[in-house]
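> Have a look at this one.
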Number of protein chains: 2
Amino acid sequence: MIELVERIRREGRNLGNGILKVDGFINHQVDPALMDTCGQELASRFAALGATKVLTAEISGIAPAIATARYLNLPVVYARKVKPITMPDQVFLTLAPSHTKGRMVELIVSPEYLGSGERVLIIDDFLASGATIMGLVRLAQTAGATVVGVGTLIEKTFEGGRGLLEAIGLPVESLAAIRSMEDGQILFDE
Amino acid sequence: MIELVERIRREGRNLGNGILKVDGFINHQVDPALMDTCGQELASRFAALGATKVLTAEISGIAPAIATARYLNLPVVYARKVKPITMPDQVFLTLAPSHTKGRMVELIVSPEYLGSGERVLIIDDFLASGATIMGLVRLAQTAGATVVGVGTLIEKTFEGGRGLLEAIGLPVESLAAIRSMEDGQILFDE
């Protein structure tokens, strides 16, 4: 999507080691208008799949997931990384490695809000190795739900996450696909 | 706001010790349409204040802050609780007690996105004791910014946070004000 690609070209920073800093409009400061445009575009790409719920992971998945879900008229569930006291004792929990934290994190969803029969659209900010999103897939499957697709704002195609998801039959959409971050550059798939 | 009050009456649960569970539409599962209505209402109440930025705290402040900021055409900054590797070494950091975690948490904002001259509107999901919001006020003041108002979805008036904020001259708006949660009830200010 041209608006997102242009914004990354202008304001994104390659910090090395495959880390793309987009803190000025996605990950710390958020541009609600850009997020809205991204959500509308992701919603249109998945409109035909009959999703009943959008699933994401806190923290930075929340903004794109809500923007998308608003256009699909669906509720969003965001997996928590720390179990809050308002959650029941019995939950769905899986572990996923965190790129930016350098350790495993928990992804926790309450059975109250994710059940069998749901058709789940997964939305996140980044698709890189696919580890977090595969964690969300496992949570949905454990709940007896069906994952119908995966949408992300930014994909780092050189990290291979798409392959994992397509191998289990999931359609994958990303709005900005980066094919290389070598030598300090940010090169997009055209 | 009647839509929010009615939703809390229908689906909110009083877990005791002043804890209101609204995980079905705000804190774990989010209803994007309700959030949009709340954001529009908060935006209209603060439209005249000339805010240049919306400030909130991750995690559950993000949804109402973005919904409000979208109607005000402003960027949102959400204070992080763990410093990500994309943030500079020198940051604004304060400590605030967390109700639901039973310990102090850090609130961290990068100087890149909060500076002197900004007029900051603080938006959060809950106003209770005001501890988190006072933390955000301190961060904004440390950055040399001016806080112009505080808006929340739900206020627990019996916890006294409003008094702290009004004492430093801040206008406070909440969309659902709960005056008592004793004996398992949820009683609203009418």
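Letters A, B, ... mark the chains of the structure tokens in the order given; residue numbers begin at 1 per chain; ligand numbers begin at 1, in order shown.
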Output as a tab-separated table one row per residue of chain B within 10 Å of chain A: the closest atom pair and its distance in Å to one decimal place, counting only C-alpha atoms, sorted by chain and residue number ascending.


residue	atom	partner	partner_atom	distance
B:Arg13	CA	A:Thr86	CA	9.4
B:Asn14	CA	A:Thr86	CA	9.9
B:Leu15	CA	A:Thr86	CA	7.7
B:Ile19	CA	A:Thr86	CA	8.0
B:Leu20	CA	A:Thr86	CA	8.2
B:Lys21	CA	A:Thr86	CA	5.9
B:Val22	CA	A:Thr86	CA	8.6
B:Asp23	CA	A:Thr86	CA	7.5
B:Gly24	CA	A:Tyr113	CA	7.2
B:Phe25	CA	A:Pro75	CA	8.1
B:Ile26	CA	A:Val76	CA	9.6
B:Asn27	CA	A:Tyr78	CA	8.6
B:His28	CA	A:Tyr78	CA	5.7
B:Gln29	CA	A:Val77	CA	4.2
B:Val30	CA	A:Val76	CA	5.1
B:Asp31	CA	A:Pro75	CA	5.0
B:Pro32	CA	A:Arg70	CA	5.2
B:Ala33	CA	A:Arg70	CA	6.3
B:Leu34	CA	A:Arg70	CA	9.7
B:Met35	CA	A:Ile66	CA	9.3
B:Asp36	CA	A:Arg70	CA	8.4
B:Lys53	CA	A:Gln29	CA	9.7
B:Val54	CA	A:Gln29	CA	9.5
B:Leu55	CA	A:Gln29	CA	9.1
B:Glu58	CA	A:Ile59	CA	7.3
B:Ile59	CA	A:Ile59	CA	6.3
B:Ser60	CA	A:Ile59	CA	9.1
B:Ile62	CA	A:Ala63	CA	7.3
B:Ala63	CA	A:Ala63	CA	6.9
B:Ala65	CA	A:Pro32	CA	9.5
B:Ile66	CA	A:Pro32	CA	6.0
B:Ala67	CA	A:Pro32	CA	7.8
B:Thr68	CA	A:Pro32	CA	9.2
B:Ala69	CA	A:Pro32	CA	6.7
B:Arg70	CA	A:Pro32	CA	5.2
B:Tyr71	CA	A:Pro32	CA	9.0
B:Leu72	CA	A:Pro32	CA	9.7
B:Asn73	CA	A:Ala33	CA	7.3
B:Leu74	CA	A:Pro32	CA	7.5
B:Pro75	CA	A:Asp31	CA	5.0
B:Val76	CA	A:Val30	CA	5.1
B:Val77	CA	A:Gln29	CA	4.2
B:Tyr78	CA	A:His28	CA	5.7
B:Ala79	CA	A:His28	CA	7.3
B:Arg80	CA	A:His28	CA	7.4
B:Val82	CA	A:Lys101	CA	9.3
B:Lys83	CA	A:Lys101	CA	9.5
B:Pro84	CA	A:Thr100	CA	6.8
B:Ile85	CA	A:Thr100	CA	6.5
B:Thr86	CA	A:Lys21	CA	5.9
B:Met87	CA	A:Asp23	CA	8.1
B:Thr100	CA	A:Ile85	CA	6.5
B:Lys101	CA	A:Pro84	CA	7.4
B:Val109	CA	A:His28	CA	8.1
B:Ser110	CA	A:His28	CA	8.3
B:Glu112	CA	A:Gly24	CA	8.2
B:Tyr113	CA	A:Gln29	CA	6.8
B:Leu114	CA	A:Gln29	CA	9.4

> Would you mind listing what lies within 12 Å of B:Met104 as a ChimeraX atom specification, with only C-alpha atoms counted and same-chain residues fewer than 2 positions away left out?

/B:81,94-102,106-107,131-132,135

> Run DSSP on the backbone and tell me which residues of stretch 57-180 of chain A come out as alpha helix (DSSP H); list them as a VMD selection string.

chain A and resid 62 to 72 131 to 142 161 to 167

> Would you pick out the contacts of stretch 154-156 of chain A at 8 Å or less, using only C-alpha atoms, so that residues sharing its chain but fewer than 2 positions from it are not included, and give the list as a short mmCIF file (atom, residue, chain, number, x, y, z; two decimals) with N, CA and C atoms, in the first residue's frame?


data_model
loop_
_atom_site.label_atom_id
_atom_site.label_comp_id
_atom_site.auth_asym_id
_atom_site.auth_seq_id
_atom_site.Cartn_x
_atom_site.Cartn_y
_atom_site.Cartn_z
N ASP A 125 1.20 -6.12 13.57
CA ASP A 125 1.95 -5.03 12.92
C ASP A 125 3.02 -5.60 11.98
N PHE A 126 3.77 -6.61 12.47
CA PHE A 126 4.87 -7.17 11.68
C PHE A 126 4.67 -8.66 11.41
N LEU A 127 5.06 -9.08 10.22
CA LEU A 127 5.30 -10.50 9.95
C LEU A 127 6.78 -10.64 9.63
N ALA A 128 7.50 -11.33 10.50
CA ALA A 128 8.95 -11.52 10.27
C ALA A 128 9.19 -13.03 10.19
N THR A 152 -0.85 -8.33 7.91
CA THR A 152 0.08 -7.52 8.68
C THR A 152 0.36 -6.21 7.95
N PHE A 158 12.39 -11.49 3.95
CA PHE A 158 13.64 -12.24 4.08
C PHE A 158 13.71 -13.06 5.36
N GLU A 159 12.70 -12.97 6.22
CA GLU A 159 12.71 -13.77 7.45
C GLU A 159 11.83 -15.02 7.36
N GLY A 160 11.07 -15.16 6.29
CA GLY A 160 10.47 -16.46 5.99
C GLY A 160 9.16 -16.81 6.67
N SER A 174 0.15 -8.54 3.31
CA SER A 174 0.89 -7.49 4.00
C SER A 174 0.84 -6.23 3.16
N LEU A 175 0.90 -5.09 3.84
CA LEU A 175 0.72 -3.80 3.14
C LEU A 175 2.04 -3.18 2.69
N ALA A 176 3.13 -3.63 3.29
CA ALA A 176 4.45 -3.17 2.86
C ALA A 176 5.40 -4.34 3.04
N ALA A 177 6.00 -4.79 1.96
CA ALA A 177 6.87 -5.96 2.02
C ALA A 177 8.32 -5.53 1.79
N ILE A 178 9.15 -5.81 2.77
CA ILE A 178 10.56 -5.41 2.71
C ILE A 178 11.38 -6.67 2.42
N ARG A 179 12.16 -6.60 1.34
CA ARG A 179 12.89 -7.80 0.92
C ARG A 179 14.33 -7.82 1.42
N SER A 180 14.85 -6.66 1.80
CA SER A 180 16.23 -6.64 2.31
C SER A 180 16.45 -5.43 3.21
#

> Would you compute the distance between atom CA of A:Val105 and atom CA of A:Ala140? Give it in Å to one decimal.

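Distance between the two atoms: 17.1 Å.
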
> Mind checking DSSP for stretch 41-165 of chain A and telling me the strand (DSSP E) residues as a PyMOL selection string?

chain A and resi 53-57+76-79+92-98+103-109+119-127+146-156
